[in-house]
Structure formats: C-alpha cells, structure tokens
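Here is data.cif, consisting of mmCIF, C-alpha atoms:
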```cif
data_query
#
loop_
_atom_site.label_atom_id
_atom_site.label_comp_id
_atom_site.auth_asym_id
_atom_site.auth_seq_id
_atom_site.Cartn_x
_atom_site.Cartn_y
_atom_site.Cartn_z
CA MET D 21 11.46 9.78 -45.21
CA THR D 22 14.41 10.00 -42.82
CA SER D 23 17.67 8.50 -44.04
CA ALA D 24 19.00 5.29 -42.54
CA PRO D 25 21.99 6.75 -40.63
CA ASN D 26 19.60 8.64 -38.34
CA ALA D 27 17.78 5.54 -37.07
CA SER D 28 19.86 5.22 -33.89
CA ALA D 29 19.37 8.91 -33.13
CA ARG D 30 15.59 8.47 -33.52
CA ILE D 31 15.66 5.56 -31.09
CA GLU D 32 17.54 7.73 -28.58
CA ALA D 33 14.96 10.50 -29.01
CA PHE D 34 12.16 8.00 -28.41
CA LEU D 35 13.82 6.73 -25.21
CA GLU D 36 14.32 10.31 -24.03
CA MET D 37 10.61 10.98 -24.55
CA MET D 38 9.72 7.85 -22.56
CA ALA D 39 11.97 8.98 -19.72
CA VAL D 40 10.86 12.63 -19.60
CA GLU D 41 7.18 12.57 -20.60
CA ARG D 42 6.15 9.15 -19.30
CA ALA D 43 8.59 8.84 -16.40
CA ALA D 44 9.64 5.35 -17.54
CA ALA D 45 11.88 3.53 -15.07
CA LYS D 46 15.51 2.79 -15.90
CA ASN D 47 14.84 -0.93 -16.37
CA THR D 48 11.95 -0.14 -18.73
CA LEU D 49 14.14 2.15 -20.83
CA THR D 50 16.85 -0.51 -20.98
CA ALA D 51 14.31 -3.06 -22.19
CA TYR D 52 12.96 -0.69 -24.86
CA GLY D 53 16.49 0.06 -26.03
CA LYS D 54 17.36 -3.64 -26.36
CA ASP D 55 14.09 -4.43 -28.13
CA LEU D 56 14.51 -1.67 -30.70
CA ALA D 57 18.17 -2.51 -31.27
CA ASP D 58 17.15 -6.13 -31.90
CA ALA D 59 14.54 -5.04 -34.44
CA ASP D 60 16.89 -2.59 -36.15
CA GLY D 61 19.56 -5.27 -36.41
CA PHE D 62 17.15 -7.76 -37.98
CA LEU D 63 16.00 -5.27 -40.59
CA ARG D 64 19.49 -4.59 -42.04
CA PRO D 65 20.43 -3.31 -44.54
CA LYS D 66 17.22 -1.37 -43.89
CA THR D 67 16.48 0.21 -40.50
CA LEU D 68 13.44 0.96 -38.40
CA MET D 69 13.21 4.26 -40.26
CA THR D 70 13.24 2.76 -43.76
CA ALA D 71 11.45 -0.57 -43.20
CA GLU D 72 8.23 -1.41 -45.01
CA ALA D 73 5.26 -3.31 -43.61
CA GLU D 74 6.54 -6.60 -45.11
CA ASP D 75 9.86 -6.13 -43.28
CA VAL D 76 8.13 -5.59 -39.94
CA GLU D 77 5.93 -8.62 -40.58
CA ALA D 78 9.04 -10.70 -41.22
CA TYR D 79 10.59 -9.49 -37.94
CA PHE D 80 7.47 -10.30 -35.93
CA ALA D 81 7.35 -13.77 -37.54
CA ASP D 82 11.02 -14.29 -36.69
CA LEU D 83 10.31 -13.62 -32.99
CA ASN D 84 7.94 -16.60 -33.02
CA ALA D 85 10.48 -18.77 -34.83
CA ARG D 86 13.19 -18.09 -32.23
CA GLY D 87 11.26 -19.99 -29.58
CA MET D 88 11.53 -17.18 -27.03
CA ALA D 89 9.02 -16.77 -24.21
CA ALA D 90 5.66 -15.46 -25.39
CA ALA D 91 5.85 -12.53 -22.96
CA THR D 92 9.27 -11.48 -24.31
CA ALA D 93 8.12 -11.65 -27.92
CA ALA D 94 4.98 -9.66 -27.06
CA ARG D 95 7.06 -6.98 -25.34
CA ARG D 96 9.34 -6.65 -28.37
CA ARG D 97 6.37 -6.23 -30.69
CA ALA D 98 4.91 -3.63 -28.34
CA SER D 99 8.21 -1.72 -28.27
CA VAL D 100 8.30 -1.55 -32.08
CA ARG D 101 4.65 -0.47 -32.25
CA GLN D 102 5.18 2.30 -29.70
CA PHE D 103 8.27 3.51 -31.55
CA TYR D 104 6.37 3.75 -34.83
CA ARG D 105 3.47 5.59 -33.22
CA PHE D 106 5.98 8.10 -31.87
CA ALA D 107 7.76 8.35 -35.25
CA LEU D 108 4.44 9.02 -36.97
CA GLY D 109 3.51 11.70 -34.46
CA GLU D 110 6.90 13.40 -34.86
CA GLY D 111 6.59 13.42 -38.65
CA TRP D 112 9.64 11.20 -39.12
CA ARG D 113 7.52 8.79 -41.13
CA GLU D 114 4.34 9.18 -43.15
CA ASP D 115 3.10 5.69 -42.26
CA ASP D 116 3.17 3.10 -39.49
CA PRO D 117 4.50 -0.18 -40.98
CA SER D 118 3.51 -2.13 -37.87
CA ARG D 119 -0.16 -1.12 -38.04
CA ARG D 120 -1.37 -3.84 -40.36
CA VAL D 121 0.31 -6.66 -38.40
CA ASP D 122 -2.19 -8.15 -35.97
CA ALA D 123 -0.85 -8.70 -32.46
CA PRO D 124 -1.26 -12.34 -31.42
CA LYS D 125 -3.72 -12.91 -28.62
CA GLN D 126 -1.88 -13.85 -25.49
CA GLY D 127 -3.50 -15.33 -22.45
CA ARG D 128 -2.35 -13.95 -19.13
CA SER D 129 -0.78 -16.64 -16.98
CA LEU D 130 -1.87 -16.81 -13.38
CA PRO D 131 0.72 -15.96 -10.71
CA LYS D 132 2.52 -18.71 -8.85
CA LEU D 133 1.02 -19.19 -5.41
CA LEU D 134 2.30 -19.78 -1.90
CA SER D 135 0.08 -20.72 1.00
CA ARG D 136 0.30 -18.97 4.35
CA ASP D 137 1.81 -22.14 5.79
CA GLU D 138 4.57 -22.12 3.15
CA VAL D 139 5.42 -18.49 3.91
CA GLU D 140 5.70 -19.40 7.60
CA ARG D 141 7.94 -22.34 6.71
CA LEU D 142 10.22 -20.04 4.74
CA ILE D 143 10.59 -17.68 7.69
CA ALA D 144 11.17 -20.58 10.10
CA ALA D 145 13.85 -22.03 7.82
CA ALA D 146 15.61 -18.67 7.67
CA THR D 147 15.75 -18.24 11.45
CA ARG D 148 16.51 -21.84 12.43
CA LYS D 149 20.02 -21.07 13.73
CA SER D 150 20.44 -19.83 17.28
CA PRO D 151 22.40 -16.67 18.19
CA GLU D 152 25.37 -18.83 19.20
CA GLU D 153 25.68 -20.47 15.78
CA ALA D 154 27.54 -19.19 12.74
CA GLY D 155 25.11 -17.80 10.22
CA HIS D 156 22.66 -16.40 12.78
CA ALA D 157 23.03 -12.88 11.37
CA GLU D 158 22.29 -14.16 7.86
CA GLY D 159 19.16 -15.81 9.24
CA MET D 160 17.96 -12.57 10.80
CA ARG D 161 18.53 -10.75 7.54
CA LEU D 162 16.72 -13.44 5.54
CA ALA D 163 13.74 -13.41 7.87
CA CYS D 164 13.60 -9.62 7.63
CA LEU D 165 13.68 -9.76 3.83
CA ILE D 166 10.85 -12.28 3.68
CA GLU D 167 8.71 -10.53 6.29
CA ILE D 168 8.96 -7.17 4.52
CA LEU D 169 8.22 -8.63 1.09
CA TYR D 170 5.21 -10.53 2.41
CA ALA D 171 3.91 -7.75 4.68
CA SER D 172 4.18 -4.92 2.18
CA GLY D 173 4.08 -6.42 -1.33
CA LEU D 174 7.23 -4.59 -2.39
CA ARG D 175 8.99 -5.28 -5.67
CA VAL D 176 12.48 -6.65 -5.03
CA SER D 177 14.02 -3.54 -6.62
CA GLU D 178 12.08 -1.41 -4.13
CA LEU D 179 13.20 -3.63 -1.24
CA THR D 180 16.90 -3.45 -2.05
CA ALA D 181 16.68 0.34 -2.53
CA LEU D 182 15.25 0.94 0.96
CA PRO D 183 17.38 3.42 2.90
CA LEU D 184 18.19 2.72 6.54
CA ALA D 185 16.52 6.01 7.47
CA ALA D 186 13.14 4.68 6.31
CA LEU D 187 13.07 2.22 9.22
CA SER D 188 14.94 4.06 11.93
CA ARG D 189 11.77 4.92 13.90
CA ASP D 190 9.88 1.60 13.84
CA PRO D 191 7.26 2.81 11.34
CA ALA D 192 3.90 1.17 10.63
CA TYR D 193 4.24 2.17 6.96
CA LEU D 194 7.06 2.62 4.50
CA ILE D 195 7.19 5.39 1.91
CA VAL D 196 8.27 3.54 -1.23
CA LYS D 197 9.36 5.03 -4.54
CA GLY D 198 8.04 2.69 -7.21
CA LYS D 199 7.88 2.64 -11.01
CA GLY D 200 8.07 6.03 -12.66
CA GLY D 201 9.28 7.59 -9.40
CA LYS D 202 5.78 7.46 -7.92
CA GLU D 203 5.59 7.21 -4.14
CA ARG D 204 3.14 5.05 -2.20
CA LEU D 205 2.58 3.82 1.34
CA ALA D 206 3.43 0.19 2.04
CA PRO D 207 2.25 -1.39 5.32
CA LEU D 208 4.35 -3.19 7.91
CA ASN D 209 2.68 -5.60 10.31
CA ASP D 210 3.91 -6.49 13.79
CA HIS D 211 5.79 -9.56 12.56
CA ALA D 212 7.69 -7.50 9.99
CA ARG D 213 8.52 -4.79 12.50
CA ALA D 214 9.83 -7.39 14.96
CA ALA D 215 11.96 -8.97 12.22
CA ILE D 216 13.35 -5.56 11.29
CA LYS D 217 14.29 -4.86 14.91
CA ALA D 218 16.08 -8.22 15.17
CA TYR D 219 17.93 -7.64 11.91
CA LEU D 220 19.04 -4.11 12.80
CA ALA D 221 20.84 -5.57 15.81
CA VAL D 222 23.05 -7.65 13.51
CA ARG D 223 23.18 -5.26 10.52
CA PRO D 224 26.74 -4.09 11.40
CA ASP D 225 27.93 -7.61 10.47
CA PHE D 226 27.13 -6.83 6.82
CA LEU D 227 28.69 -3.39 6.55
CA PRO D 228 31.65 -2.99 4.18
CA LYS D 229 34.87 -2.50 6.11
CA GLY D 230 35.16 1.08 7.32
CA ASP D 231 31.75 2.01 5.87
CA LYS D 232 29.78 2.89 8.99
CA ALA D 233 27.84 5.54 7.06
CA ASN D 234 26.38 3.01 4.58
CA PRO D 235 22.88 4.40 3.82
CA TRP D 236 21.15 1.17 2.73
CA LEU D 237 18.95 -0.96 4.95
CA PHE D 238 20.28 -4.17 3.41
CA ALA D 239 23.95 -3.25 3.31
CA SER D 240 26.44 -5.55 1.62
CA ARG D 241 30.17 -5.84 1.18
CA GLY D 242 29.65 -6.13 -2.58
CA ALA D 243 30.54 -3.43 -5.08
CA ALA D 244 27.06 -1.87 -4.91
CA GLY D 245 27.20 -1.52 -1.12
CA ARG D 246 23.81 -3.20 -0.81
CA LEU D 247 22.13 -6.48 -1.66
CA THR D 248 21.20 -6.87 -5.32
CA PRO D 249 17.84 -8.26 -6.53
CA ARG D 250 19.70 -11.26 -7.95
CA ARG D 251 21.31 -12.03 -4.59
CA VAL D 252 17.94 -11.80 -2.85
CA ALA D 253 16.55 -14.34 -5.32
CA GLN D 254 19.50 -16.67 -4.63
CA LEU D 255 18.98 -16.40 -0.87
CA LEU D 256 15.29 -17.25 -1.28
CA ASP D 257 16.19 -20.31 -3.36
CA GLU D 258 18.48 -21.55 -0.59
CA THR D 259 15.82 -20.91 2.04
CA ALA D 260 13.18 -22.72 -0.01
CA LEU D 261 15.36 -25.84 -0.10
CA ALA D 262 15.80 -25.67 3.67
CA ALA D 263 12.01 -25.32 4.06
CA GLY D 264 11.28 -28.30 1.82
CA ILE D 265 9.73 -26.16 -0.93
CA ASP D 266 10.64 -26.42 -4.61
CA PRO D 267 12.86 -23.37 -5.35
CA LYS D 268 11.18 -23.06 -8.77
CA ARG D 269 8.05 -21.95 -6.93
CA ILE D 270 9.84 -19.23 -4.98
CA SER D 271 11.00 -15.77 -6.00
CA PRO D 272 10.73 -12.25 -4.55
CA HIS D 273 7.83 -11.61 -6.94
CA VAL D 274 6.01 -14.74 -5.74
CA LEU D 275 5.99 -13.25 -2.23
CA ARG D 276 4.45 -10.09 -3.74
CA HIS D 277 1.81 -12.33 -5.34
CA ALA D 278 1.19 -14.01 -1.98
CA PHE D 279 0.72 -10.61 -0.33
CA ALA D 280 -1.96 -9.60 -2.87
CA THR D 281 -3.71 -12.97 -3.03
CA HIS D 282 -3.94 -13.44 0.73
CA LEU D 283 -5.27 -9.89 1.15
CA LEU D 284 -8.07 -10.53 -1.34
CA GLU D 285 -8.85 -13.90 0.23
CA GLY D 286 -9.20 -12.07 3.53
CA GLY D 287 -11.77 -9.69 2.05
CA ALA D 288 -9.61 -6.70 1.08
CA ASP D 289 -10.99 -4.26 -1.49
CA LEU D 290 -9.46 -4.60 -4.98
CA ARG D 291 -8.84 -0.84 -5.23
CA ALA D 292 -6.96 -0.91 -1.92
CA VAL D 293 -4.77 -3.78 -3.13
CA GLN D 294 -4.12 -1.84 -6.35
CA LYS D 295 -2.81 1.13 -4.36
CA LEU D 296 -0.72 -1.07 -2.07
CA LEU D 297 0.92 -2.79 -5.04
CA GLY D 298 1.50 0.47 -6.90
CA HIS D 299 -0.35 -0.67 -10.03
CA ALA D 300 -1.23 2.20 -12.38
CA ASP D 301 -4.10 0.20 -13.93
CA ILE D 302 -6.57 -1.88 -11.92
CA SER D 303 -6.70 -4.44 -14.75
CA THR D 304 -3.21 -5.52 -13.65
CA THR D 305 -4.51 -6.14 -10.14
CA GLN D 306 -7.57 -8.04 -11.35
CA ILE D 307 -5.44 -11.09 -12.15
CA TYR D 308 -5.56 -11.87 -8.43
CA THR D 309 -9.35 -12.07 -8.48
CA HIS D 310 -9.01 -14.97 -10.90
CA VAL D 311 -6.56 -16.62 -8.52
CA THR D 312 -8.85 -16.31 -5.52
CA THR D 313 -11.88 -17.46 -7.54
CA ASP D 314 -9.98 -20.53 -8.72
CA ARG D 315 -9.01 -21.33 -5.15
CA LEU D 316 -12.58 -21.02 -3.94
CA ARG D 317 -13.79 -23.32 -6.71
CA GLU D 318 -11.12 -25.91 -5.86
CA THR D 319 -12.14 -25.75 -2.20
CA VAL D 320 -15.82 -26.32 -3.03
CA GLU D 321 -15.01 -29.19 -5.39
CA ARG D 322 -12.80 -30.82 -2.79
CA ALA D 323 -14.95 -30.29 0.30
CA HIS D 324 -18.61 -30.05 -0.72
CA PRO D 325 -20.39 -33.43 -0.54
CA LEU D 326 -22.51 -32.79 -3.67
CA ALA D 327 -19.43 -31.82 -5.70
CA LYS D 328 -17.64 -35.12 -5.14
CA GLY D 329 -19.86 -37.02 -7.54
#
```
If you convert what's in this file into structure tokens, what do you get?
Amino acid sequence: MTSAPNASARIEAFLEMMAVERAAAKNTLTAYGKDLADADGFLRPKTLMTAEAEDVEAYFADLNARGMAAATAARRRASVRQFYRFALGEGWREDDPSRRVDAPKQGRSLPKLLSRDEVERLIAAATRKSPEEAGHAEGMRLACLIEILYASGLRVSELTALPLAALSRDPAYLIVKGKGGKERLAPLNDHARAAIKAYLAVRPDFLPKGDKANPWLFASRGAAGRLTPRRVAQLLDETALAAGIDPKRISPHVLRHAFATHLLEGGADLRAVQKLLGHADISTTQIYTHVTTDRLRETVERAHPLAKG
C-alpha cells in the first residue's frame, strides 16, 4: 500500500485525470479538491491512502453530525468514492474502503419556481427609471441580464463569460461554452434581442477607465473587468425587492429553472430542453417534468368543480 506522504500527490493525480480525461470544469475540480482535503484532514494521522473501511465510515458519519446541507454531504461522499475507485484502478490500493458504506438515499428537491408574471415584474422593476434619471444605464443592464437568462436558460457563469463579439450582429442564437468546454446553441427571443440592443447603447458607462477594448459583454470596473456571478445575484436580489418579490425566491439559477419549466408547460419536447440547458444526462432534465405535473395537479384541484369536495 502507498505510504502516507504520497496522499496529496495521489489527490493531485486524481484531479488531473478528472480535468484531462473527463473535461471537468474548474469549479468542479475545486470542489473535488476541497472535498478530498476535508476527508484527508479528518482521517489524520492516517490519510486517504492508508484509511480502513471503519475510518471512512467514521468520516461519512461525521458529515451527518456537522449539520451541513444534505447535498453538500452527498457530494463529499461521492468525491471520496470516486477517488477510491480511481485509486483501485491505478493499483494504488488493493481495496476500496468506501465500498461497504451505503450511500444514504436522498430525495431530489424540486426547483424554486417563478411565474411568467413574476419574471415580467422583475424586468419592469429593472427598467423603471427613465433615460433622464440617474441609474438608467444600470436598469438597461439589469433588464438585459434578466432577459438573456430567461430567454436562453444560461448558467450565470456562462452569462458573465459572454464576449461582446457574441452579440455584435444581433443573433437569434448564442454559441455558449458550458460545462466541460462543450458548446451548445442557446436561443434569444425578440424581447432579449431588444434588451441587448438597449443595453449596448449604454455599455460604455460600465467600461473601466481607458479600457475601450474590454472584450466582455457585461463589462465592469472591478478587478475582473466583467460582472461576477456573485454581483449578478446581488443585483437580482435588489431587483426582486423593487418588484415586491421575496429575494429568497430569486437567483440566476431560478431564472434558468423558469426557462425550462415554462418551455415544458408550453409543450416543448424534453430532449429539446435537455439540449438547450446543456444537460449531459436527461435524468437531470426530468426534474422539470415533476414540476409541471405538480402545477397541473394544483390547477385541477383548484379549478375543477368535482375536485373541490
């Protein structure tokens, strides 16, 4: 069995494999690294390379005792399991100490929902100021952000990474680089294209001083030169308050959920929605069928005369 000092090197080799062979995104690799470092730290004076099944069981039990979110604990268990499968395949270990530990069954929570009316209220709240008022440019940018998220179902990381060149010719579709570097087409409706045109007229207001060549669509004077996902989330919170919507119900990802849910409610094919969202597995997309089914049931129970009894 490999000696303890080599555990960190094995973790690095595992992360390199995930990056090269599975095209894992940077954020995914960061999460794996943190998860495995957490496990290795818990197991001291042993390491991931010298731990026995009882040690791994104790770590998994400790995750439950910490009171962390179920999804976070499940991800950490999955990271450890994947590492051990890799270690076994590489011949670093002769056993998988995580194999005998049953993974707890975890129900998948349904996405938070926004109605079409609430999306319209968000956009209206963003653009409430007239061109003569201070903050008009911020309103145009906010409306553009919301329209693109809702029209195309982009992840916020994909939105903030959009280059200006992608929208220079008033396209009907965006070419988006998603998880694992995979490209997909994302649609833009007329409302989104109009919002983009209005925003581009005021975009120079957001350029860093002397940075006329800034390549990002959503330029910023911050250190990154563009809006960050965190700043987008903060702007949506502020807009939600102005629209009379609880900010806890709003996030960039909730607008992605709204995009998928409203498409399916309108009769879109599940496979088409899968491709538009950039999901590798259709089982990830199927969560929205539960959402739409629940909505239909609620509508029947509320409106059908025989259901009211």
For the point (-3.7, -0.4, -6.4) in the file's frame, write as a ChimeraX atom specification all residues with an atom no more than 12 Å away, counting all atoms listed in the file. /D:173,204-206,280,288-306,308
Using all atoms listed in the file, which of D:Val139, D:Leu165, D:Ile195, D:Ala145 sits nearest Ala218 in chain D?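 Among D:Val139, D:Leu165, D:Ile195, D:Ala145, it is D:Leu165 that comes nearest to Ala218 in chain D.
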Could you check which of D:Thr67, D:Asn234, D:Thr92, D:Thr259 is closest to Ala163 in chain D, using only C-alpha atoms?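 Once distances to Ala163 in chain D are computed over only C-alpha atoms, the minimum belongs to D:Thr259.
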Where does the PyMOL selection byres ((chain D and resi 169) around 10) land in this file, that is, which residues does it pick, as an MDAnalysis selection string? chainID D and resid 163:168 170:176 178:179 208 212 272:279
From the set D:Glu140, D:Glu74, D:Glu285, D:Asp225, which residue has the shortest atom-to-atom contact distance to His211 in chain D, counting all atoms listed in the file?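 For His211 in chain D, the nearest of the given residues is D:Glu140.
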Measure the distance from CA of Ala192 in chain D to CA of Pro207 in chain D in Å and round it to one decimal. 6.1 Å
CA of Leu83 in chain D and CA of Asp115 in chain D, how far apart in Å?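 Spanning CA of Asp115 in chain D to CA of Leu83 in chain D is a straight-line distance of 22.6 Å.
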Please evaluate the PyMOL selection byres ((chain D and resi 159) around 12) against the displayed coordinates and give the resulting residues as number ranges by chain. D: 142-151, 153-158, 160-166, 215-216, 218-219, 222-223, 255-256, 258-259, 262
Residue among D:Ile307, D:Ala239, D:Met38, D:Leu133 lying closest to Leu184 in chain D, counting all atoms listed in the file: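 Among D:Ile307, D:Ala239, D:Met38, D:Leu133, it is D:Ala239 that comes nearest to Leu184 in chain D.
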Hits from the PyMOL selection byres ((chain D and resi 98) around 12), listed as a PyMOL selection string: chain D and resi 51-52+55-56+59+80+91-97+99-105+118-119+121-124
Quick one: pull the distance between CA of Pro267 in chain D and CA of Thr281 in chain D, Å, one decimal.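 That distance, rounded to one decimal, is 19.7 Å.
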Incomplete range 247-273 of chain D filled out to N, CA, C and O atoms as a PDB file, in the frame of the given file:
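Listed below is the output, result-v2.pdb:
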```pdb
ATOM      1  N   LEU D 247      22.555  -5.259  -1.002  1.00  0.00           N
ATOM      2  CA  LEU D 247      22.130  -6.480  -1.660  1.00  0.00           C
ATOM      3  C   LEU D 247      21.537  -6.160  -3.032  1.00  0.00           C
ATOM      4  O   LEU D 247      20.849  -5.156  -3.192  1.00  0.00           O
ATOM      5  N   THR D 248      21.783  -7.027  -3.990  1.00  0.00           N
ATOM      6  CA  THR D 248      21.200  -6.870  -5.320  1.00  0.00           C
ATOM      7  C   THR D 248      19.947  -7.741  -5.423  1.00  0.00           C
ATOM      8  O   THR D 248      19.810  -8.730  -4.698  1.00  0.00           O
ATOM      9  N   PRO D 249      19.017  -7.406  -6.326  1.00  0.00           N
ATOM     10  CA  PRO D 249      17.840  -8.260  -6.530  1.00  0.00           C
ATOM     11  C   PRO D 249      18.215  -9.709  -6.845  1.00  0.00           C
ATOM     12  O   PRO D 249      17.554 -10.641  -6.382  1.00  0.00           O
ATOM     13  N   ARG D 250      19.279  -9.889  -7.612  1.00  0.00           N
ATOM     14  CA  ARG D 250      19.700 -11.260  -7.950  1.00  0.00           C
ATOM     15  C   ARG D 250      20.131 -12.022  -6.716  1.00  0.00           C
ATOM     16  O   ARG D 250      19.821 -13.205  -6.561  1.00  0.00           O
ATOM     17  N   ARG D 251      20.867 -11.359  -5.817  1.00  0.00           N
ATOM     18  CA  ARG D 251      21.310 -12.030  -4.590  1.00  0.00           C
ATOM     19  C   ARG D 251      20.135 -12.366  -3.699  1.00  0.00           C
ATOM     20  O   ARG D 251      20.107 -13.441  -3.066  1.00  0.00           O
ATOM     21  N   VAL D 252      19.143 -11.500  -3.634  1.00  0.00           N
ATOM     22  CA  VAL D 252      17.940 -11.800  -2.850  1.00  0.00           C
ATOM     23  C   VAL D 252      17.268 -13.052  -3.383  1.00  0.00           C
ATOM     24  O   VAL D 252      16.842 -13.930  -2.622  1.00  0.00           O
ATOM     25  N   ALA D 253      17.168 -13.155  -4.703  1.00  0.00           N
ATOM     26  CA  ALA D 253      16.550 -14.340  -5.320  1.00  0.00           C
ATOM     27  C   ALA D 253      17.337 -15.603  -4.975  1.00  0.00           C
ATOM     28  O   ALA D 253      16.749 -16.653  -4.686  1.00  0.00           O
ATOM     29  N   GLN D 254      18.667 -15.515  -4.981  1.00  0.00           N
ATOM     30  CA  GLN D 254      19.500 -16.670  -4.630  1.00  0.00           C
ATOM     31  C   GLN D 254      19.288 -17.081  -3.177  1.00  0.00           C
ATOM     32  O   GLN D 254      19.189 -18.274  -2.865  1.00  0.00           O
ATOM     33  N   LEU D 255      19.203 -16.107  -2.284  1.00  0.00           N
ATOM     34  CA  LEU D 255      18.980 -16.400  -0.870  1.00  0.00           C
ATOM     35  C   LEU D 255      17.620 -17.072  -0.654  1.00  0.00           C
ATOM     36  O   LEU D 255      17.491 -17.992   0.169  1.00  0.00           O
ATOM     37  N   LEU D 256      16.610 -16.628  -1.394  1.00  0.00           N
ATOM     38  CA  LEU D 256      15.290 -17.250  -1.280  1.00  0.00           C
ATOM     39  C   LEU D 256      15.308 -18.687  -1.791  1.00  0.00           C
ATOM     40  O   LEU D 256      14.645 -19.563  -1.219  1.00  0.00           O
ATOM     41  N   ASP D 257      16.062 -18.944  -2.859  1.00  0.00           N
ATOM     42  CA  ASP D 257      16.190 -20.310  -3.360  1.00  0.00           C
ATOM     43  C   ASP D 257      16.778 -21.228  -2.289  1.00  0.00           C
ATOM     44  O   ASP D 257      16.299 -22.348  -2.063  1.00  0.00           O
ATOM     45  N   GLU D 258      17.836 -20.756  -1.639  1.00  0.00           N
ATOM     46  CA  GLU D 258      18.480 -21.550  -0.590  1.00  0.00           C
ATOM     47  C   GLU D 258      17.531 -21.794   0.574  1.00  0.00           C
ATOM     48  O   GLU D 258      17.485 -22.897   1.143  1.00  0.00           O
ATOM     49  N   THR D 259      16.770 -20.781   0.929  1.00  0.00           N
ATOM     50  CA  THR D 259      15.820 -20.910   2.040  1.00  0.00           C
ATOM     51  C   THR D 259      14.688 -21.866   1.689  1.00  0.00           C
ATOM     52  O   THR D 259      14.216 -22.627   2.529  1.00  0.00           O
ATOM     53  N   ALA D 260      14.247 -21.814   0.436  1.00  0.00           N
ATOM     54  CA  ALA D 260      13.180 -22.720  -0.010  1.00  0.00           C
ATOM     55  C   ALA D 260      13.615 -24.173   0.143  1.00  0.00           C
ATOM     56  O   ALA D 260      12.847 -25.023   0.621  1.00  0.00           O
ATOM     57  N   LEU D 261      14.846 -24.474  -0.254  1.00  0.00           N
ATOM     58  CA  LEU D 261      15.360 -25.840  -0.100  1.00  0.00           C
ATOM     59  C   LEU D 261      15.347 -26.263   1.361  1.00  0.00           C
ATOM     60  O   LEU D 261      14.942 -27.385   1.690  1.00  0.00           O
ATOM     61  N   ALA D 262      15.777 -25.359   2.230  1.00  0.00           N
ATOM     62  CA  ALA D 262      15.800 -25.670   3.670  1.00  0.00           C
ATOM     63  C   ALA D 262      14.392 -25.864   4.222  1.00  0.00           C
ATOM     64  O   ALA D 262      14.196 -26.600   5.189  1.00  0.00           O
ATOM     65  N   ALA D 263      13.402 -25.222   3.594  1.00  0.00           N
ATOM     66  CA  ALA D 263      12.010 -25.320   4.060  1.00  0.00           C
ATOM     67  C   ALA D 263      11.266 -26.476   3.409  1.00  0.00           C
ATOM     68  O   ALA D 263      10.085 -26.692   3.693  1.00  0.00           O
ATOM     69  N   GLY D 264      11.942 -27.199   2.506  1.00  0.00           N
ATOM     70  CA  GLY D 264      11.280 -28.300   1.820  1.00  0.00           C
ATOM     71  C   GLY D 264      10.322 -27.863   0.746  1.00  0.00           C
ATOM     72  O   GLY D 264       9.347 -28.560   0.435  1.00  0.00           O
ATOM     73  N   ILE D 265      10.577 -26.708   0.137  1.00  0.00           N
ATOM     74  CA  ILE D 265       9.730 -26.160  -0.930  1.00  0.00           C
ATOM     75  C   ILE D 265      10.549 -26.106  -2.213  1.00  0.00           C
ATOM     76  O   ILE D 265      11.734 -25.743  -2.189  1.00  0.00           O
ATOM     77  N   ASP D 266       9.948 -26.452  -3.331  1.00  0.00           N
ATOM     78  CA  ASP D 266      10.640 -26.420  -4.610  1.00  0.00           C
ATOM     79  C   ASP D 266      11.079 -24.984  -4.918  1.00  0.00           C
ATOM     80  O   ASP D 266      10.234 -24.080  -5.009  1.00  0.00           O
ATOM     81  N   PRO D 267      12.386 -24.732  -5.074  1.00  0.00           N
ATOM     82  CA  PRO D 267      12.860 -23.370  -5.350  1.00  0.00           C
ATOM     83  C   PRO D 267      12.250 -22.753  -6.608  1.00  0.00           C
ATOM     84  O   PRO D 267      12.185 -21.523  -6.734  1.00  0.00           O
ATOM     85  N   LYS D 268      11.798 -23.589  -7.561  1.00  0.00           N
ATOM     86  CA  LYS D 268      11.180 -23.060  -8.770  1.00  0.00           C
ATOM     87  C   LYS D 268       9.883 -22.323  -8.479  1.00  0.00           C
ATOM     88  O   LYS D 268       9.406 -21.543  -9.300  1.00  0.00           O
ATOM     89  N   ARG D 269       9.302 -22.598  -7.293  1.00  0.00           N
ATOM     90  CA  ARG D 269       8.050 -21.950  -6.930  1.00  0.00           C
ATOM     91  C   ARG D 269       8.261 -20.677  -6.131  1.00  0.00           C
ATOM     92  O   ARG D 269       7.298 -20.005  -5.768  1.00  0.00           O
ATOM     93  N   ILE D 270       9.533 -20.359  -5.859  1.00  0.00           N
ATOM     94  CA  ILE D 270       9.840 -19.230  -4.980  1.00  0.00           C
ATOM     95  C   ILE D 270      10.613 -18.159  -5.739  1.00  0.00           C
ATOM     96  O   ILE D 270      11.519 -18.454  -6.507  1.00  0.00           O
ATOM     97  N   SER D 271      10.240 -16.918  -5.525  1.00  0.00           N
ATOM     98  CA  SER D 271      11.000 -15.770  -6.000  1.00  0.00           C
ATOM     99  C   SER D 271      10.506 -14.562  -5.205  1.00  0.00           C
ATOM    100  O   SER D 271       9.441 -14.624  -4.570  1.00  0.00           O
ATOM    101  N   PRO D 272      11.239 -13.445  -5.226  1.00  0.00           N
ATOM    102  CA  PRO D 272      10.730 -12.250  -4.550  1.00  0.00           C
ATOM    103  C   PRO D 272       9.345 -11.850  -5.062  1.00  0.00           C
ATOM    104  O   PRO D 272       8.489 -11.416  -4.289  1.00  0.00           O
ATOM    105  N   HIS D 273       9.120 -12.014  -6.372  1.00  0.00           N
ATOM    106  CA  HIS D 273       7.830 -11.610  -6.940  1.00  0.00           C
ATOM    107  C   HIS D 273       6.707 -12.543  -6.496  1.00  0.00           C
ATOM    108  O   HIS D 273       5.543 -12.124  -6.389  1.00  0.00           O
TER     109      HIS D 273
END
```
